[in-house]
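Next comes entry.cif, with mmCIF, C-alpha atoms.
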```
data_entry
#
loop_
_atom_site.group_PDB
_atom_site.id
_atom_site.type_symbol
_atom_site.label_atom_id
_atom_site.label_comp_id
_atom_site.auth_asym_id
_atom_site.auth_seq_id
_atom_site.Cartn_x
_atom_site.Cartn_y
_atom_site.Cartn_z
ATOM 1 C CA MET H 1 26.456 57.397 -59.046
ATOM 2 C CA TRP H 2 28.741 54.789 -57.810
ATOM 3 C CA LYS H 3 28.760 56.172 -54.300
ATOM 4 C CA MET H 4 24.958 56.308 -54.141
ATOM 5 C CA THR H 5 24.627 52.733 -55.277
ATOM 6 C CA LEU H 6 27.133 51.611 -52.655
ATOM 7 C CA SER H 7 25.340 53.493 -49.937
ATOM 8 C CA LYS H 8 22.062 51.879 -50.866
ATOM 9 C CA LYS H 9 23.659 48.450 -50.693
ATOM 10 C CA ILE H 10 24.996 49.239 -47.247
ATOM 11 C CA LEU H 11 21.668 50.677 -46.103
ATOM 12 C CA PHE H 12 19.667 47.667 -47.230
ATOM 13 C CA HIS H 13 22.231 44.976 -46.322
ATOM 14 C CA GLU H 14 20.531 41.866 -44.750
ATOM 15 C CA ASP H 15 21.144 41.531 -40.989
ATOM 16 C CA ASN H 16 21.387 37.856 -39.784
ATOM 17 C CA SER H 17 22.039 38.643 -36.113
ATOM 18 C CA GLY H 18 18.340 38.119 -35.221
ATOM 19 C CA ASP H 19 18.279 34.672 -36.790
ATOM 20 C CA ALA H 20 21.452 33.715 -34.957
ATOM 21 C CA PHE H 21 19.923 34.761 -31.639
ATOM 22 C CA THR H 22 16.760 32.789 -32.400
ATOM 23 C CA ASP H 23 18.808 29.688 -33.226
ATOM 24 C CA LEU H 24 20.794 30.068 -30.011
ATOM 25 C CA LEU H 25 17.608 30.438 -27.945
ATOM 26 C CA PHE H 26 16.003 27.421 -29.654
ATOM 27 C CA ASN H 27 19.060 25.247 -29.018
ATOM 28 C CA ALA H 28 19.131 26.314 -25.369
ATOM 29 C CA LEU H 29 15.464 25.437 -24.934
ATOM 30 C CA LEU H 30 16.004 22.115 -26.704
ATOM 31 C CA GLY H 31 18.892 21.290 -24.383
ATOM 32 C CA PHE H 32 16.817 22.209 -21.324
ATOM 33 C CA ALA H 33 13.930 20.032 -22.492
ATOM 34 C CA PHE H 34 16.309 17.100 -23.042
ATOM 35 C CA MET H 35 17.807 17.452 -19.565
ATOM 36 C CA PHE H 36 14.295 17.641 -18.063
ATOM 37 C CA PHE H 37 13.327 14.450 -19.897
ATOM 38 C CA ILE H 38 16.406 12.630 -18.591
ATOM 39 C CA ALA H 39 15.748 13.808 -15.032
ATOM 40 C CA PHE H 40 12.092 12.758 -15.237
ATOM 41 C CA SER H 41 13.085 9.334 -16.570
ATOM 42 C CA LEU H 42 15.426 8.815 -13.628
ATOM 43 C CA ILE H 43 12.664 9.749 -11.207
ATOM 44 C CA GLN H 44 10.206 7.351 -12.848
ATOM 45 C CA ASN H 45 12.705 4.479 -13.014
ATOM 46 C CA PRO H 46 14.719 4.438 -9.777
ATOM 47 C CA GLN H 47 17.368 1.831 -9.171
ATOM 48 C CA ASP H 48 16.078 -1.417 -7.752
ATOM 49 C CA GLY H 49 18.386 -1.318 -4.764
ATOM 50 C CA GLY H 50 16.586 -0.401 -1.544
ATOM 51 C CA ASN H 51 13.086 -0.613 -3.023
ATOM 52 C CA ILE H 52 10.344 -2.528 -1.223
ATOM 53 C CA GLU H 53 8.272 -4.820 -3.410
ATOM 54 C CA SER H 54 4.677 -3.689 -2.957
ATOM 55 C CA LYS H 55 3.002 -6.368 -5.088
ATOM 56 C CA ALA H 56 0.570 -8.440 -3.039
ATOM 57 C CA GLU H 57 -0.288 -12.090 -3.632
ATOM 58 C CA PHE H 58 -2.865 -12.337 -0.832
ATOM 59 C CA ILE H 59 -4.916 -9.765 1.074
ATOM 60 C CA ILE H 60 -6.305 -10.681 4.496
ATOM 61 C CA SER H 61 -8.822 -8.284 6.018
ATOM 62 C CA ALA H 62 -10.914 -7.959 9.165
ATOM 63 C CA GLU H 63 -13.839 -5.532 9.070
ATOM 64 C CA TRP H 64 -16.451 -4.416 11.606
ATOM 65 C CA GLU H 65 -19.240 -1.852 11.808
ATOM 66 C CA ASP H 66 -18.475 1.718 10.666
ATOM 67 C CA HIS H 67 -18.307 4.419 13.375
ATOM 68 C CA HIS H 68 -17.905 1.684 16.013
ATOM 69 C CA PRO H 69 -15.495 2.643 18.831
ATOM 70 C CA ASP H 70 -14.212 -0.890 19.567
ATOM 71 C CA ASP H 71 -10.664 -1.882 18.643
ATOM 72 C CA VAL H 72 -10.025 -5.231 16.933
ATOM 73 C CA ASP H 73 -6.583 -6.434 15.880
ATOM 74 C CA LEU H 74 -5.725 -8.785 13.026
ATOM 75 C CA ILE H 75 -2.854 -11.205 13.719
ATOM 76 C CA VAL H 76 -1.261 -13.432 11.071
ATOM 77 C CA GLU H 77 1.426 -16.082 11.533
ATOM 78 C CA ASP H 78 3.303 -17.584 8.555
ATOM 79 C CA PRO H 79 4.771 -21.120 8.209
ATOM 80 C CA LYS H 80 8.146 -19.922 9.559
ATOM 81 C CA GLY H 81 6.639 -18.543 12.735
ATOM 82 C CA ASN H 82 6.838 -14.888 11.655
ATOM 83 C CA ILE H 83 3.983 -12.844 13.119
ATOM 84 C CA VAL H 84 2.500 -9.498 12.078
ATOM 85 C CA TYR H 85 0.172 -7.468 14.301
ATOM 86 C CA PHE H 86 -0.053 -3.931 15.713
ATOM 87 C CA GLN H 87 3.337 -4.121 17.463
ATOM 88 C CA ARG H 88 5.189 -5.839 14.597
ATOM 89 C CA GLN H 89 3.859 -4.508 11.322
ATOM 90 C CA GLN H 90 6.278 -6.307 8.987
ATOM 91 C CA ALA H 91 7.696 -9.816 9.179
ATOM 92 C CA GLY H 92 8.842 -12.169 6.452
ATOM 93 C CA LEU H 93 6.667 -11.646 3.378
ATOM 94 C CA MET H 94 3.787 -10.187 5.409
ATOM 95 C CA HIS H 95 2.910 -6.572 6.112
ATOM 96 C CA LEU H 96 0.191 -4.935 8.230
ATOM 97 C CA ASP H 97 -1.042 -2.279 5.807
ATOM 98 C CA ARG H 98 -3.705 -0.819 8.085
ATOM 99 C CA ASP H 99 -4.000 -0.831 11.884
ATOM 100 C CA ASP H 100 -7.490 0.398 12.802
ATOM 101 C CA ARG H 101 -8.333 1.545 16.337
ATOM 102 C CA GLY H 102 -12.080 1.977 16.097
ATOM 103 C CA THR H 103 -13.170 5.616 16.054
ATOM 104 C CA LEU H 104 -9.824 6.761 17.452
ATOM 105 C CA ALA H 105 -7.968 8.834 14.816
ATOM 106 C CA ASP H 106 -10.867 8.573 12.356
ATOM 107 C CA ARG H 107 -10.804 12.368 11.976
ATOM 108 C CA LEU H 108 -7.844 13.858 10.118
ATOM 109 C CA ILE H 109 -6.892 17.399 9.099
ATOM 110 C CA ILE H 110 -5.814 17.534 5.447
ATOM 111 C CA ASP H 111 -4.884 20.947 4.004
ATOM 112 C CA GLY H 112 -6.791 22.619 6.802
ATOM 113 C CA VAL H 113 -9.963 20.604 6.168
ATOM 114 C CA GLU H 114 -11.256 17.979 8.593
ATOM 115 C CA VAL H 115 -11.820 14.615 6.884
ATOM 116 C CA GLU H 116 -13.499 11.609 8.489
ATOM 117 C CA ASN H 117 -12.887 7.953 7.634
ATOM 118 C CA PRO H 118 -15.612 5.999 9.452
ATOM 119 C CA SER H 119 -14.708 2.516 8.166
ATOM 120 C CA ASN H 120 -13.192 -0.012 10.564
ATOM 121 C CA GLN H 121 -10.846 -2.414 8.801
ATOM 122 C CA GLU H 122 -7.475 -4.042 9.379
ATOM 123 C CA VAL H 123 -5.504 -5.304 6.377
ATOM 124 C CA VAL H 124 -2.516 -7.664 6.069
ATOM 125 C CA THR H 125 -0.861 -8.348 2.712
ATOM 126 C CA ILE H 126 1.296 -11.348 1.814
ATOM 127 C CA ARG H 127 3.800 -10.318 -0.855
ATOM 128 C CA GLY H 128 5.090 -13.659 -2.052
ATOM 129 C CA PHE H 129 4.677 -17.415 -1.780
ATOM 130 C CA MET H 130 5.789 -19.511 1.172
ATOM 131 C CA SER H 131 4.437 -23.025 1.335
ATOM 132 C CA GLY H 132 2.972 -24.142 4.620
ATOM 133 C CA GLU H 133 0.239 -23.103 7.032
ATOM 134 C CA TYR H 134 -0.854 -19.550 7.853
ATOM 135 C CA VAL H 135 -2.867 -18.755 10.983
ATOM 136 C CA VAL H 136 -5.296 -15.818 11.008
ATOM 137 C CA ASN H 137 -6.388 -14.634 14.458
ATOM 138 C CA LEU H 138 -8.580 -11.850 15.831
ATOM 139 C CA LEU H 139 -7.801 -10.060 19.097
ATOM 140 C CA TYR H 140 -10.542 -8.025 20.799
ATOM 141 C CA TYR H 141 -8.195 -5.319 22.022
ATOM 142 C CA LYS H 142 -10.836 -3.000 23.474
ATOM 143 C CA SER H 143 -14.547 -3.569 24.013
ATOM 144 C CA ASN H 144 -16.947 -0.775 24.987
ATOM 145 C CA PHE H 145 -20.225 -2.716 25.008
ATOM 146 C CA ILE H 146 -21.769 -5.915 26.339
ATOM 147 C CA THR H 147 -23.252 -6.841 22.966
ATOM 148 C CA PRO H 148 -20.909 -9.127 20.936
ATOM 149 C CA LEU H 149 -19.143 -7.450 18.026
ATOM 150 C CA LYS H 150 -19.521 -8.956 14.553
ATOM 151 C CA VAL H 151 -16.252 -9.083 12.598
ATOM 152 C CA LYS H 152 -15.983 -10.160 8.949
ATOM 153 C CA VAL H 153 -12.788 -11.941 7.883
ATOM 154 C CA LYS H 154 -11.857 -12.292 4.221
ATOM 155 C CA ILE H 155 -8.873 -13.777 2.377
ATOM 156 C CA GLU H 156 -8.387 -12.803 -1.261
ATOM 157 C CA LYS H 157 -5.907 -14.288 -3.732
ATOM 158 C CA ILE H 158 -4.805 -11.567 -6.163
ATOM 159 C CA ASN H 159 -2.913 -13.346 -8.957
ATOM 160 C CA PRO H 160 -3.479 -14.382 -11.697
ATOM 161 C CA LYS H 161 -6.999 -13.027 -11.009
ATOM 162 C CA LEU H 162 -8.891 -11.834 -7.953
ATOM 163 C CA GLU H 163 -10.401 -14.754 -6.053
ATOM 164 C CA VAL H 164 -12.018 -14.909 -2.606
ATOM 165 C CA VAL H 165 -10.630 -18.044 -0.986
ATOM 166 C CA TYR H 166 -12.278 -17.524 2.405
ATOM 167 C CA PHE H 167 -15.031 -15.418 3.996
ATOM 168 C CA GLY H 168 -16.489 -15.792 7.468
ATOM 169 C CA ASP H 169 -18.223 -13.916 10.326
ATOM 170 C CA TYR H 170 -17.103 -13.987 13.954
ATOM 171 C CA TYR H 171 -18.613 -12.569 17.132
ATOM 172 C CA LEU H 172 -16.169 -11.242 19.720
ATOM 173 C CA LYS H 173 -17.460 -10.913 23.264
ATOM 174 C CA ARG H 174 -14.934 -9.356 25.624
ATOM 175 C CA THR H 175 -11.711 -7.364 25.850
ATOM 176 C CA GLY H 176 -8.640 -9.580 25.526
ATOM 177 C CA GLU H 177 -10.431 -12.390 23.714
ATOM 178 C CA GLU H 178 -8.339 -13.989 20.951
ATOM 179 C CA VAL H 179 -9.832 -16.407 18.442
ATOM 180 C CA THR H 180 -8.477 -18.231 15.411
ATOM 181 C CA ALA H 181 -10.654 -17.223 12.466
ATOM 182 C CA VAL H 182 -9.080 -19.599 9.970
ATOM 183 C CA ARG H 183 -5.893 -21.492 9.145
ATOM 184 C CA PHE H 184 -4.998 -22.055 5.495
ATOM 185 C CA LEU H 185 -2.352 -24.177 3.820
ATOM 186 C CA LEU H 186 -0.432 -22.976 0.746
ATOM 187 C CA ASP H 187 1.406 -25.296 -1.625
ATOM 188 C CA ASN H 188 4.657 -24.302 -3.370
ATOM 189 C CA LYS H 189 2.681 -22.650 -6.197
ATOM 190 C CA GLY H 190 0.748 -20.387 -3.850
ATOM 191 C CA ILE H 191 -2.504 -22.346 -4.162
ATOM 192 C CA VAL H 192 -4.699 -22.769 -1.083
ATOM 193 C CA ALA H 193 -4.720 -26.508 -0.503
ATOM 194 C CA ASP H 194 -6.646 -26.724 2.778
ATOM 195 C CA LEU H 195 -8.609 -24.723 5.373
ATOM 196 C CA ASN H 196 -9.237 -25.532 9.026
ATOM 197 C CA TYR H 197 -10.447 -23.788 12.163
ATOM 198 C CA LEU H 198 -8.355 -25.345 14.930
ATOM 199 C CA GLN H 199 -7.729 -22.757 17.628
ATOM 200 C CA LYS H 200 -4.179 -21.495 18.124
ATOM 201 C CA PRO H 201 -3.613 -18.509 20.457
ATOM 202 C CA ILE H 202 -0.700 -16.350 19.318
ATOM 203 C CA ILE H 203 -0.619 -13.103 21.312
ATOM 204 C CA SER H 204 -1.864 -14.723 24.513
ATOM 205 C CA GLY H 205 0.657 -17.513 23.857
ATOM 206 C CA GLY H 206 3.656 -15.353 24.684
ATOM 207 C CA VAL H 207 4.356 -12.914 21.820
ATOM 208 C CA LYS H 208 6.341 -9.933 23.140
#
```

Here is a file; write its structure as structure tokens.
Amino acid sequence: MWKMTLSKKILFHEDNSGDAFTDLLFNALLGFAFMFFIAFSLIQNPQDGGNIESKAEFIISAEWEDHHPDDVDLIVEDPKGNIVYFQRQQAGLMHLDRDDRGTLADRLIIDGVEVENPSNQEVVTIRGFMSGEYVVNLLYYKSNFITPLKVKVKIEKINPKLEVVYFGDYYLKRTGEEVTAVRFLLDNKGIVADLNYLQKPIISGGVK
């Protein structure tokens, strides 16, 4: 009798090896998830060193008819004499975000599919405050028609809320023509204190 009872105890003895394996697998998965979280956090919060501040305080845009082949360039000069245009796309606190060349390069191939962007617009952003006068010019880089080209110029102040501080239409007539659309004065708080339309050639004045 004693031997039979012992054998039954051995036969029905509880095996904990499965639970141990489950615990080990769970801990491994938990560790992997933690490491993934840490890695993702580092990707989302890179060190500040080397980053470019993308926040804009002002947006200056020049826009003309969609599908139009003519090429118009936006030129902006800051109070320190820094200039941004198609050959110098970043200077001081200014950046040329979009250089439009009419219908040239309007068609793109994305993932094997041809995509068309018919809009014609040049955009300059100002990413900080610098007191003094800014000059906004238009250059008629390439004209294909005799009819004057209508170009809309707009200046928007972004912070603390979106505000249009200037809007105007201009008619460009010939290749190489450069006109001053507007000049605006900023105070030390980034507020537009004055606007004027005195002409000041920039590119034709000797910019290399």

Mind dumping a table of every segment 59-159 of chain H residue within 8 Å of segment 174-195 of chain H, with the nearest atom pair and its distance in Å to one decimal, using only C-alpha atoms, sorted by chain and rising number, as a Markdown table?
```
| residue | atom | partner | partner_atom | distance |
| --- | --- | --- | --- | --- |
| H:Phe129 | CA | H:Gly190 | CA | 5.3 |
| H:Met130 | CA | H:Asn188 | CA | 6.7 |
| H:Ser131 | CA | H:Asp187 | CA | 4.8 |
| H:Gly132 | CA | H:Leu186 | CA | 5.3 |
| H:Glu133 | CA | H:Leu185 | CA | 4.3 |
| H:Tyr134 | CA | H:Phe184 | CA | 5.4 |
| H:Val135 | CA | H:Arg183 | CA | 4.5 |
| H:Val136 | CA | H:Val182 | CA | 5.4 |
| H:Asn137 | CA | H:Thr180 | CA | 4.3 |
| H:Leu138 | CA | H:Val179 | CA | 5.4 |
| H:Leu139 | CA | H:Glu178 | CA | 4.4 |
| H:Tyr140 | CA | H:Thr175 | CA | 5.2 |
| H:Tyr141 | CA | H:Gly176 | CA | 5.5 |
| H:Lys142 | CA | H:Thr175 | CA | 5.0 |
| H:Ser143 | CA | H:Thr175 | CA | 5.1 |
| H:Ile146 | CA | H:Arg174 | CA | 7.7 |
| H:Pro148 | CA | H:Arg174 | CA | 7.6 |
| H:Val153 | CA | H:Ala181 | CA | 7.3 |
```

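Interatomic distance, atom CA of Asn120 of chain H to atom CA of Tyr170 of chain H: 14.9 Å.
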
task: Would you translate the PyMOL selection byres ((chain H and resi 160) around 12) into the concrete set of residues it matches in this file, as a VMD selection string?
output: chain H and resid 56 to 58 156 to 159 161 to 163 189 to 191

In Å and to one decimal, atom CA of Gly92 of chain H is distant from atom CA of Ile202 of chain H by 16.6 Å

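What the PyMOL selection byres ((chain H and resi 88) around 12) grabs from this file is Asp73, Leu74, Ile75, Val76, Glu77, Asn82, Ile83, Val84, Tyr85, Phe86, Gln87, Gln89, Gln90, Ala91, Gly92, Met94, His95, Leu96, Asp97, Asp99, Val124, Ile203, Val207 and Lys208 of chain H.
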
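Taking only C-alpha atoms into account, Ala62 of chain H lies nearest to H:Lys154 out of the set H:Lys80, H:Arg98, H:Lys154, H:Arg127.
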
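Taking atom CA of Pro201 of chain H and atom CA of Gln121 of chain H as the two end points, the separation is 21.1 Å.
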
Please complete segment 122-134 of chain H so it has N, CA and C atoms, and hand it over as a compact mmCIF listing (two decimals), in the frame of the given file.
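Result saved to result_10.txt:
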```txt
# COMPACT_ATOMS: atom_id res chain seq x y z
N GLU H 122 -8.91 -3.76 9.31
CA GLU H 122 -7.48 -4.04 9.38
C GLU H 122 -7.11 -4.89 8.17
N VAL H 123 -5.91 -4.63 7.61
CA VAL H 123 -5.50 -5.30 6.38
C VAL H 123 -4.07 -5.80 6.49
N VAL H 124 -3.86 -7.08 6.16
CA VAL H 124 -2.52 -7.66 6.07
C VAL H 124 -2.32 -8.16 4.64
N THR H 125 -1.19 -7.83 4.03
CA THR H 125 -0.86 -8.35 2.71
C THR H 125 0.28 -9.36 2.81
N ILE H 126 0.21 -10.37 1.95
CA ILE H 126 1.30 -11.35 1.81
C ILE H 126 1.89 -11.13 0.44
N ARG H 127 3.18 -10.80 0.38
CA ARG H 127 3.80 -10.32 -0.86
C ARG H 127 4.71 -11.36 -1.50
N GLY H 128 4.31 -12.59 -1.44
CA GLY H 128 5.09 -13.66 -2.05
C GLY H 128 4.52 -15.00 -1.62
N PHE H 129 5.14 -16.06 -2.10
CA PHE H 129 4.68 -17.42 -1.78
C PHE H 129 5.62 -18.08 -0.79
N MET H 130 5.04 -18.66 0.24
CA MET H 130 5.79 -19.51 1.17
C MET H 130 4.88 -20.69 1.49
N SER H 131 5.28 -21.86 1.11
CA SER H 131 4.44 -23.02 1.34
C SER H 131 4.35 -23.33 2.83
N GLY H 132 3.20 -23.82 3.22
CA GLY H 132 2.97 -24.14 4.62
C GLY H 132 1.70 -23.49 5.12
N GLU H 133 1.50 -23.56 6.45
CA GLU H 133 0.24 -23.10 7.03
C GLU H 133 0.33 -21.68 7.59
N TYR H 134 -0.70 -20.89 7.30
CA TYR H 134 -0.85 -19.55 7.85
C TYR H 134 -2.00 -19.57 8.85
```
